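**Q** Have a look at this one before I ask anything.
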Amino acid sequence: MWIDENRMGWPSVTKTDAWDAIVVGSGIGGLVCAAYLAVSGRRVLVLEQHDVAGGNSHVFRRRRSYEFDVGVHYLGDCGPDGVLPAIFDGLGLRDRLRYLPMDQDGFDEIVTPGVSMFMPAGWSEYRRRLKEVLPGEEAGIDAFADVCEGLGEETRQALLSDRDLSITELVARAPMTVRWGRRTLHELFEECGLSAKARTVLAAQSPNYGMGPRQATVSMHATVTDHYVRGAYYPEGGGQMMAAGLVEVLEAHGGRLLTRARVERILVEDGRVTGVGLRDGRHFSAPVVVSNADYRRTVLDLVGAEHFPRRLVAKTREATMGLPFATLYVATDTPLPERPNANLWWYADDDIDAYYERLAAGDIDPVPFLFMSFASQKDPKSATVCPPGHSNFQLMTLCPPEYERWGVTGGPAEGTRYRRDPDYRQHKERFTEAMLTAAEKVLGPFRDRVVHLEAATPLTHERYTLSTGGTPFGLAEWGGPGGRPDTRTPVTGLHVVGANTRYGSGITGVAVGGIACAAQMVGRRLMHEAHSGAVLGDPELLPERGPRWDPLAVSRGTDRHGAKGLAGINRR
């Protein structure tokens, strides 16, 4: 049933608006898919339950002086031959997105009690640094790096290929993937005879995918590592720039974004998608629906288990998720001590397996690990990150997935009201104190210079993204180690994108999944075309950006650009 939305005070969408595709959720995977469908001639509607589009790429503002990135801390492989720039360039965004290089001689600083090392770009130099800080383990390091470098290259070449490879071709062209891809990182460590200290250094960035060595596959670790070894970057202007650019492409090519539009149900009749129903009573029709929502919620709640094969439903119910983060957003009124433009990965001990065992047992006090990201170093000329002479940085640590860790028994996606719960507040305050104590061990004292401090727990993340357990990493195990769904589903017309698919998590992983999903629907090798230099979008259609252009306003959709409640910033 179609409702007169003008009479109800909703944006005008009428029965004559025949959408070719509806995308549920506006993370980068959903927006990339929507944008490529739009530039391919499809009429696309994107529906987002939050106030702005972007998912884990979105930013928020405080005190009209500070802008914090939620999930974009650095990007890999953004050089002239990079995969992520190719995806955006293929939409006509080449002149609207720029990537600021971090310190290529050391973009990640890894600190443990026994090792301190800056991770550089380039496999050759990375190997040399590893051997320098881990004497006596040269043979194991080379064996490990041979597998990861080879598998990373095989994965990249398959992604950029101009055609699908047969099983015979895959075996011939990707022997490392065939041998090691689905085995665990722990198995590779064992094969290479590496010590606990070496394993900790090599897997120090495993929180980038939210799994420890006994759960993560070699393929997951190798593709993420290779991605960053090709160079580390930060998007100029912050993560919201990517979402805003994709929204501009979508709308310029006839598509539409509606925010504050929570989908209650994906409608299916006789095994075929027919549209979606929203929580506020609206219904929209389309023969294709792409869900950028959490995979478990898509299957079990939005669509319903009755529409899927029993085995798929069982795998989905039994699946485990990647670990969630807790984050402190910190602003100080003085600069931090001078340091390279690098993230900092700090561990309290030299045993990565023991760390993940502690996590599984819920033992994270005192805090055993911190990831530190320094936004004011990565984008020093930004008019929004912080005032001159101030600092903006984030402290993050992985958390056990159980709600009870935060003094509650359920999550916000099911309607649990937790923010004013005294037990929740007490747990949050205790955890904030523990994270600050750990951070000052590494950075030195800074508390007396803090002008803004804000904690976000896994429940916070779940409230904004509706992801199971508040994880940004999607499925950890789905029917076995490394198992993840493709973007196609057994329901005709239903596709999925985002952090849960076989293309992986992180900005590049979900962007690749988004363009792959669009490619399946339009029957073209879009990734190959874009990486070869083809521009499918028309840059001439994109709107001009005036001096007061705001990526957050753009990311609300045309109908809500000027709506109340958008936080401003005192531009400098």
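Going by the structure tokens order, chains are called A, B, ..., each with residues numbered from 1, while ligands are numbered from 1 in the order shown.
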Write out as a ChimeraX atom specification all residues of segment 424-510 of chain A that backbone DSSP assigns to helix (DSSP H, G or I).
**A** /A:424-443,447-449,458-465,468-470,506-510
**Q** Can I get the selected residues back with C-alpha atoms, as a PDB file, in the first residue's frame?
**A**
ATOM      1  CA  TYR A 424      25.977   0.980  32.672  1.00  0.00           C
ATOM      2  CA  ARG A 425      27.279   4.407  33.642  1.00  0.00           C
ATOM      3  CA  GLN A 426      29.378   2.931  36.423  1.00  0.00           C
ATOM      4  CA  HIS A 427      30.935   0.337  34.105  1.00  0.00           C
ATOM      5  CA  LYS A 428      31.574   2.996  31.468  1.00  0.00           C
ATOM      6  CA  GLU A 429      33.251   5.376  33.934  1.00  0.00           C
ATOM      7  CA  ARG A 430      35.441   2.604  35.329  1.00  0.00           C
ATOM      8  CA  PHE A 431      36.490   1.580  31.835  1.00  0.00           C
ATOM      9  CA  THR A 432      37.230   5.193  30.851  1.00  0.00           C
ATOM     10  CA  GLU A 433      39.552   5.528  33.826  1.00  0.00           C
ATOM     11  CA  ALA A 434      41.337   2.278  32.960  1.00  0.00           C
ATOM     12  CA  MET A 435      41.888   3.376  29.350  1.00  0.00           C
ATOM     13  CA  LEU A 436      43.260   6.762  30.408  1.00  0.00           C
ATOM     14  CA  THR A 437      45.641   5.102  32.851  1.00  0.00           C
ATOM     15  CA  ALA A 438      46.935   2.778  30.138  1.00  0.00           C
ATOM     16  CA  ALA A 439      47.280   5.622  27.604  1.00  0.00           C
ATOM     17  CA  GLU A 440      49.318   7.786  29.971  1.00  0.00           C
ATOM     18  CA  LYS A 441      51.769   4.911  30.417  1.00  0.00           C
ATOM     19  CA  VAL A 442      52.509   5.235  26.709  1.00  0.00           C
ATOM     20  CA  LEU A 443      51.994   8.916  25.886  1.00  0.00           C
ATOM     21  CA  ARG A 447      44.708  14.478  31.556  1.00  0.00           C
ATOM     22  CA  ASP A 448      45.191  17.985  32.910  1.00  0.00           C
ATOM     23  CA  ARG A 449      45.075  19.335  29.326  1.00  0.00           C
ATOM     24  CA  PRO A 458      29.926  -1.420  21.855  1.00  0.00           C
ATOM     25  CA  LEU A 459      26.358  -0.464  22.808  1.00  0.00           C
ATOM     26  CA  THR A 460      26.974   2.999  21.375  1.00  0.00           C
ATOM     27  CA  HIS A 461      28.109   1.455  18.107  1.00  0.00           C
ATOM     28  CA  GLU A 462      25.121  -0.875  18.014  1.00  0.00           C
ATOM     29  CA  ARG A 463      22.743   2.041  18.575  1.00  0.00           C
ATOM     30  CA  TYR A 464      24.008   3.858  15.477  1.00  0.00           C
ATOM     31  CA  THR A 465      24.661   0.924  13.122  1.00  0.00           C
ATOM     32  CA  THR A 468      25.111  -7.496  16.198  1.00  0.00           C
ATOM     33  CA  GLY A 469      27.059  -6.920  19.411  1.00  0.00           C
ATOM     34  CA  GLY A 470      28.249  -3.520  18.205  1.00  0.00           C
ATOM     35  CA  GLY A 506      37.193  -2.031   6.670  1.00  0.00           C
ATOM     36  CA  ILE A 507      36.531   0.796   4.235  1.00  0.00           C
ATOM     37  CA  THR A 508      38.266  -0.849   1.276  1.00  0.00           C
ATOM     38  CA  GLY A 509      36.782  -4.285   1.966  1.00  0.00           C
ATOM     39  CA  VAL A 510      33.208  -3.009   2.009  1.00  0.00           C
TER      40      VAL A 510
END
**Q** Taking only residues of segment 211-253 of chain A that have an atom at most 12 Å from an atom of segment 354-364 of chain A, what is each one's shortest atom pair and its distance in Å to one decimal, using only C-alpha atoms, in chain and number order, as a tab-separated table?
**A**
residue	atom	partner	partner_atom	distance
A:Met211	CA	A:Tyr356	CA	8.2
A:Gly212	CA	A:Tyr356	CA	6.0
A:Pro213	CA	A:Tyr356	CA	8.6
A:Arg214	CA	A:Tyr356	CA	9.0
A:Gln215	CA	A:Tyr356	CA	10.0
A:Ala216	CA	A:Tyr356	CA	11.7
**Q** Under the rule that only C-alpha atoms are counted, which of A:Arg62, A:His531, A:Arg42, A:Arg230 is the nearest residue to Pro85 of chain A?
**A** A:His531
**Q** When DSSP works through the backbone of this structure, what residues of segment 416-500 of chain A end up as strand (DSSP E), shown as a list in words?
**A**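 Of segment 416-500 of chain A, the ones in strand (DSSP E) are Val450, Val451, His452, Leu453, Glu454, Ala455, Ala456, Leu475, Ala476, Glu477, Leu494, His495 and Val496 of chain A.
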**Q** Keeping only C-alpha atoms, write the selected residues to a file as a PDB file, in the first residue's frame.
**A**
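And here is the file that came out, part-v7.pdb:
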ATOM      1  CA  VAL A 450      41.886  17.486  28.266  1.00  0.00           C
ATOM      2  CA  VAL A 451      39.089  19.818  27.107  1.00  0.00           C
ATOM      3  CA  HIS A 452      36.796  17.131  25.721  1.00  0.00           C
ATOM      4  CA  LEU A 453      36.534  13.471  26.678  1.00  0.00           C
ATOM      5  CA  GLU A 454      33.833  11.126  25.437  1.00  0.00           C
ATOM      6  CA  ALA A 455      33.538   7.352  25.680  1.00  0.00           C
ATOM      7  CA  ALA A 456      31.735   5.089  23.216  1.00  0.00           C
ATOM      8  CA  LEU A 475      30.978 -12.204  10.882  1.00  0.00           C
ATOM      9  CA  ALA A 476      34.021 -13.949  12.337  1.00  0.00           C
ATOM     10  CA  GLU A 477      32.852 -17.510  11.661  1.00  0.00           C
ATOM     11  CA  LEU A 494      17.985  -9.827  -2.569  1.00  0.00           C
ATOM     12  CA  HIS A 495      21.669  -8.962  -2.264  1.00  0.00           C
ATOM     13  CA  VAL A 496      23.870  -8.115   0.719  1.00  0.00           C
TER      14      VAL A 496
END
**Q** Show me, as a tab-separated table (two decimals) with C-alpha atoms, in the first residue's frame, the residues that have an atom within 7 Å of Ser219 of chain A when counting only C-alpha atoms, minus same-chain residues fewer than 4 positions from it.
**A**
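Generated file (selection_3.tsv):
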chain	number	residue	atom	x	y	z
A	151	LEU	CA	48.51	-14.35	-1.12
A	181	GLY	CA	43.68	-19.04	2.31
A	182	ARG	CA	41.18	-20.86	4.56
A	223	THR	CA	44.93	-9.17	2.44
**Q** As a ChimeraX atom specification, please: the residues near segment 296-307 of chain A (cut-off 7 Å, only C-alpha atoms, same-chain neighbours under 6 positions excluded).
**A** /A:264-267,271,313,316
**Q** Could you write out the selected residues, including C-alpha atoms, as an mmCIF file, in the first residue's frame?
**A**
data_model
loop_
_atom_site.group_PDB
_atom_site.id
_atom_site.type_symbol
_atom_site.label_atom_id
_atom_site.label_comp_id
_atom_site.auth_asym_id
_atom_site.auth_seq_id
_atom_site.Cartn_x
_atom_site.Cartn_y
_atom_site.Cartn_z
ATOM 1 C CA GLU A 264 11.340 -2.697 9.518
ATOM 2 C CA ARG A 265 10.929 -5.402 6.896
ATOM 3 C CA ILE A 266 12.278 -6.480 3.523
ATOM 4 C CA LEU A 267 9.203 -7.735 1.692
ATOM 5 C CA GLY A 271 10.698 -16.282 -3.010
ATOM 6 C CA VAL A 313 19.627 -20.127 8.730
ATOM 7 C CA THR A 316 23.570 -17.669 10.636
#
**Q** A:Pro445, A:Tyr74, A:Arg173, A:Thr112: which is nearest Pro368 of chain A, counting only C-alpha atoms?
**A** A:Thr112
**Q** Counting only C-alpha atoms, what is within 9 Å of Asp226 of chain A, bar same-chain residues fewer than 3 positions away, as number ranges by chain?
**A** A: 76-77, 122-123, 148-149, 151-153, 221-223, 229-230
**Q** For those residues, write all heavy atoms to a file as a tab-separated table (two decimals), in the first residue's frame.
**A**
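That gives us part-v4.tsv:
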chain	number	residue	atom	x	y	z
A	76	GLY	N	44.57	1.95	3.32
A	76	GLY	CA	45.73	1.42	2.61
A	76	GLY	C	45.55	1.48	1.11
A	76	GLY	O	44.45	1.68	0.60
A	77	ASP	N	46.66	1.32	0.39
A	77	ASP	CA	46.63	1.16	-1.08
A	77	ASP	C	45.90	2.31	-1.77
A	77	ASP	O	45.03	2.11	-2.60
A	77	ASP	CB	45.96	-0.17	-1.42
A	77	ASP	CG	46.18	-0.60	-2.86
A	77	ASP	OD1	47.06	-0.01	-3.53
A	77	ASP	OD2	45.47	-1.50	-3.34
A	122	GLY	N	56.02	-1.16	1.90
A	122	GLY	CA	56.92	-1.98	1.10
A	122	GLY	C	57.30	-3.26	1.82
A	122	GLY	O	57.80	-3.25	2.94
A	123	TRP	N	57.08	-4.41	1.15
A	123	TRP	CA	57.35	-5.70	1.77
A	123	TRP	C	58.83	-5.89	2.09
A	123	TRP	O	59.18	-6.46	3.13
A	123	TRP	CB	56.86	-6.82	0.88
A	123	TRP	CG	55.39	-7.10	1.05
A	123	TRP	CD1	54.37	-6.70	0.24
A	123	TRP	CD2	54.79	-7.83	2.13
A	123	TRP	NE1	53.17	-7.14	0.73
A	123	TRP	CE2	53.38	-7.84	1.88
A	123	TRP	CE3	55.28	-8.47	3.26
A	123	TRP	CZ2	52.49	-8.47	2.75
A	123	TRP	CZ3	54.39	-9.11	4.12
A	123	TRP	CH2	53.01	-9.10	3.86
A	148	CYS	N	52.19	-14.36	3.01
A	148	CYS	CA	51.29	-13.20	3.07
A	148	CYS	C	51.45	-12.28	1.87
A	148	CYS	O	50.45	-11.81	1.31
A	148	CYS	CB	51.53	-12.43	4.36
A	148	CYS	SG	51.00	-13.33	5.83
A	149	GLU	N	52.68	-12.04	1.44
A	149	GLU	CA	52.89	-11.19	0.26
A	149	GLU	C	52.33	-11.87	-0.98
A	149	GLU	O	51.65	-11.23	-1.80
A	149	GLU	CB	54.37	-10.91	0.09
A	149	GLU	CG	54.67	-10.00	-1.10
A	149	GLU	CD	56.14	-9.67	-1.27
A	149	GLU	OE1	56.97	-10.20	-0.49
A	149	GLU	OE2	56.47	-8.89	-2.18
A	151	LEU	N	49.96	-14.26	-1.17
A	151	LEU	CA	48.51	-14.35	-1.12
A	151	LEU	C	47.86	-13.00	-1.36
A	151	LEU	O	46.84	-12.89	-2.06
A	151	LEU	CB	48.09	-14.93	0.23
A	151	LEU	CG	46.70	-15.56	0.34
A	151	LEU	CD1	46.66	-16.58	1.47
A	151	LEU	CD2	45.63	-14.51	0.56
A	152	GLY	N	48.46	-11.94	-0.81
A	152	GLY	CA	47.93	-10.60	-1.03
A	152	GLY	C	47.94	-10.22	-2.50
A	152	GLY	O	46.97	-9.65	-3.02
A	153	GLU	N	49.03	-10.54	-3.19
A	153	GLU	CA	49.12	-10.23	-4.62
A	153	GLU	C	48.13	-11.07	-5.43
A	153	GLU	O	47.49	-10.55	-6.35
A	153	GLU	CB	50.54	-10.49	-5.11
A	153	GLU	CG	50.76	-10.21	-6.59
A	153	GLU	CD	50.52	-8.76	-6.99
A	153	GLU	OE1	50.63	-7.86	-6.11
A	153	GLU	OE2	50.22	-8.52	-8.18
A	221	HIS	N	44.22	-12.08	7.20
A	221	HIS	CA	45.40	-11.35	7.66
A	221	HIS	C	46.24	-10.86	6.50
A	221	HIS	O	46.70	-9.70	6.49
A	221	HIS	CB	46.24	-12.24	8.57
A	221	HIS	CG	47.48	-11.56	9.08
A	221	HIS	ND1	47.47	-10.70	10.15
A	221	HIS	CD2	48.76	-11.57	8.61
A	221	HIS	CE1	48.69	-10.21	10.34
A	221	HIS	NE2	49.49	-10.73	9.43
A	222	ALA	N	46.45	-11.71	5.50
A	222	ALA	CA	47.34	-11.36	4.40
A	222	ALA	C	46.79	-10.21	3.56
A	222	ALA	O	47.52	-9.30	3.18
A	222	ALA	CB	47.59	-12.58	3.51
A	223	THR	N	45.49	-10.23	3.28
A	223	THR	CA	44.93	-9.17	2.44
A	223	THR	C	44.93	-7.82	3.17
A	223	THR	O	45.20	-6.79	2.56
A	223	THR	CB	43.50	-9.51	1.98
A	223	THR	OG1	42.70	-9.87	3.11
A	223	THR	CG2	43.51	-10.69	1.01
A	229	VAL	N	50.63	-2.38	3.57
A	229	VAL	CA	52.03	-2.35	3.13
A	229	VAL	C	52.16	-1.62	1.80
A	229	VAL	O	53.23	-1.11	1.46
A	229	VAL	CB	52.60	-3.79	3.06
A	229	VAL	CG1	53.98	-3.81	2.40
A	229	VAL	CG2	52.71	-4.38	4.47
A	230	ARG	N	51.07	-1.51	1.06
A	230	ARG	CA	51.08	-0.74	-0.19
A	230	ARG	C	50.99	0.76	0.08
A	230	ARG	O	50.92	1.55	-0.86
A	230	ARG	CB	49.94	-1.20	-1.10
A	230	ARG	CG	50.11	-2.62	-1.62
A	230	ARG	CD	48.94	-3.08	-2.45
A	230	ARG	NE	49.10	-4.47	-2.86
A	230	ARG	CZ	49.76	-4.87	-3.95
A	230	ARG	NH1	50.29	-3.96	-4.76
A	230	ARG	NH2	49.88	-6.15	-4.23
**Q** Mind giving me the straight-line distance from atom CA of Leu323 of chain A to atom CA of Gly210 of chain A in Å, one decimal?
**A**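 These atoms are spaced 4.9 Å apart.
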**Q** Restricting the calculation to only C-alpha atoms: of A:Asn341, A:Thr558, A:Gln394, A:Gln157, which residue gets closest to Gly71 of chain A?
**A**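 Result for the nearest residue to Gly71 of chain A: A:Gln394.
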**Q** A:Gln377, A:Pro543, A:Gly255, A:Asn292: which is nearest Gly513 of chain A, counting only C-alpha atoms?
**A**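 Smallest distance to Gly513 of chain A is found for A:Asn292.
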**Q** Using only C-alpha atoms, which protein or nucleic acid residues come within 7 Å of Phe68 of chain A? Drop anything in the same chain fewer than 3 positions from it, and give the result as a list in words.
**A**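 Once the adjacent positions are removed, what remains is Val59, Phe60, Arg61 and Val385 of chain A.
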**Q** Using all heavy atoms, can you export the residues from the last selection as a PDB file, in the first residue's frame?
**A**
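As written to disk, part.pdb reads:
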ATOM      1  N   VAL A  59      31.330  11.077  10.831  1.00  0.00           N
ATOM      2  CA  VAL A  59      32.001  11.869  11.859  1.00  0.00           C
ATOM      3  C   VAL A  59      30.945  12.500  12.769  1.00  0.00           C
ATOM      4  O   VAL A  59      29.769  12.562  12.427  1.00  0.00           O
ATOM      5  CB  VAL A  59      32.880  12.981  11.244  1.00  0.00           C
ATOM      6  CG1 VAL A  59      33.916  12.397  10.292  1.00  0.00           C
ATOM      7  CG2 VAL A  59      32.036  14.047  10.542  1.00  0.00           C
ATOM      8  N   PHE A  60      31.384  12.949  13.937  1.00  0.00           N
ATOM      9  CA  PHE A  60      30.498  13.740  14.786  1.00  0.00           C
ATOM     10  C   PHE A  60      31.293  14.912  15.363  1.00  0.00           C
ATOM     11  O   PHE A  60      32.520  14.890  15.426  1.00  0.00           O
ATOM     12  CB  PHE A  60      29.870  12.890  15.897  1.00  0.00           C
ATOM     13  CG  PHE A  60      30.836  12.364  16.921  1.00  0.00           C
ATOM     14  CD1 PHE A  60      31.099  13.062  18.088  1.00  0.00           C
ATOM     15  CD2 PHE A  60      31.480  11.149  16.719  1.00  0.00           C
ATOM     16  CE1 PHE A  60      31.984  12.572  19.045  1.00  0.00           C
ATOM     17  CE2 PHE A  60      32.370  10.643  17.669  1.00  0.00           C
ATOM     18  CZ  PHE A  60      32.624  11.360  18.831  1.00  0.00           C
ATOM     19  N   ARG A  61      30.588  15.949  15.777  1.00  0.00           N
ATOM     20  CA  ARG A  61      31.205  17.204  16.211  1.00  0.00           C
ATOM     21  C   ARG A  61      30.824  17.522  17.654  1.00  0.00           C
ATOM     22  O   ARG A  61      29.725  17.206  18.096  1.00  0.00           O
ATOM     23  CB  ARG A  61      30.763  18.347  15.294  1.00  0.00           C
ATOM     24  CG  ARG A  61      31.253  18.170  13.864  1.00  0.00           C
ATOM     25  CD  ARG A  61      30.526  19.070  12.909  1.00  0.00           C
ATOM     26  NE  ARG A  61      31.047  18.923  11.542  1.00  0.00           N
ATOM     27  CZ  ARG A  61      30.454  19.394  10.472  1.00  0.00           C
ATOM     28  NH1 ARG A  61      29.312  20.071  10.572  1.00  0.00           N
ATOM     29  NH2 ARG A  61      30.990  19.223   9.277  1.00  0.00           N
ATOM     30  N   VAL A 385      38.984  19.574  12.453  1.00  0.00           N
ATOM     31  CA  VAL A 385      39.457  18.569  13.410  1.00  0.00           C
ATOM     32  C   VAL A 385      39.644  19.165  14.798  1.00  0.00           C
ATOM     33  O   VAL A 385      39.183  18.616  15.798  1.00  0.00           O
ATOM     34  CB  VAL A 385      40.764  17.917  12.920  1.00  0.00           C
ATOM     35  CG1 VAL A 385      41.421  17.093  14.026  1.00  0.00           C
ATOM     36  CG2 VAL A 385      40.480  17.018  11.722  1.00  0.00           C
TER      37      VAL A 385
END
**Q** A:Val147, A:Leu541, A:Leu159, A:Val178: which is nearest Glu191 of chain A, counting only C-alpha atoms?
**A**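 Selected residue with least distance to Glu191 of chain A: A:Val147.
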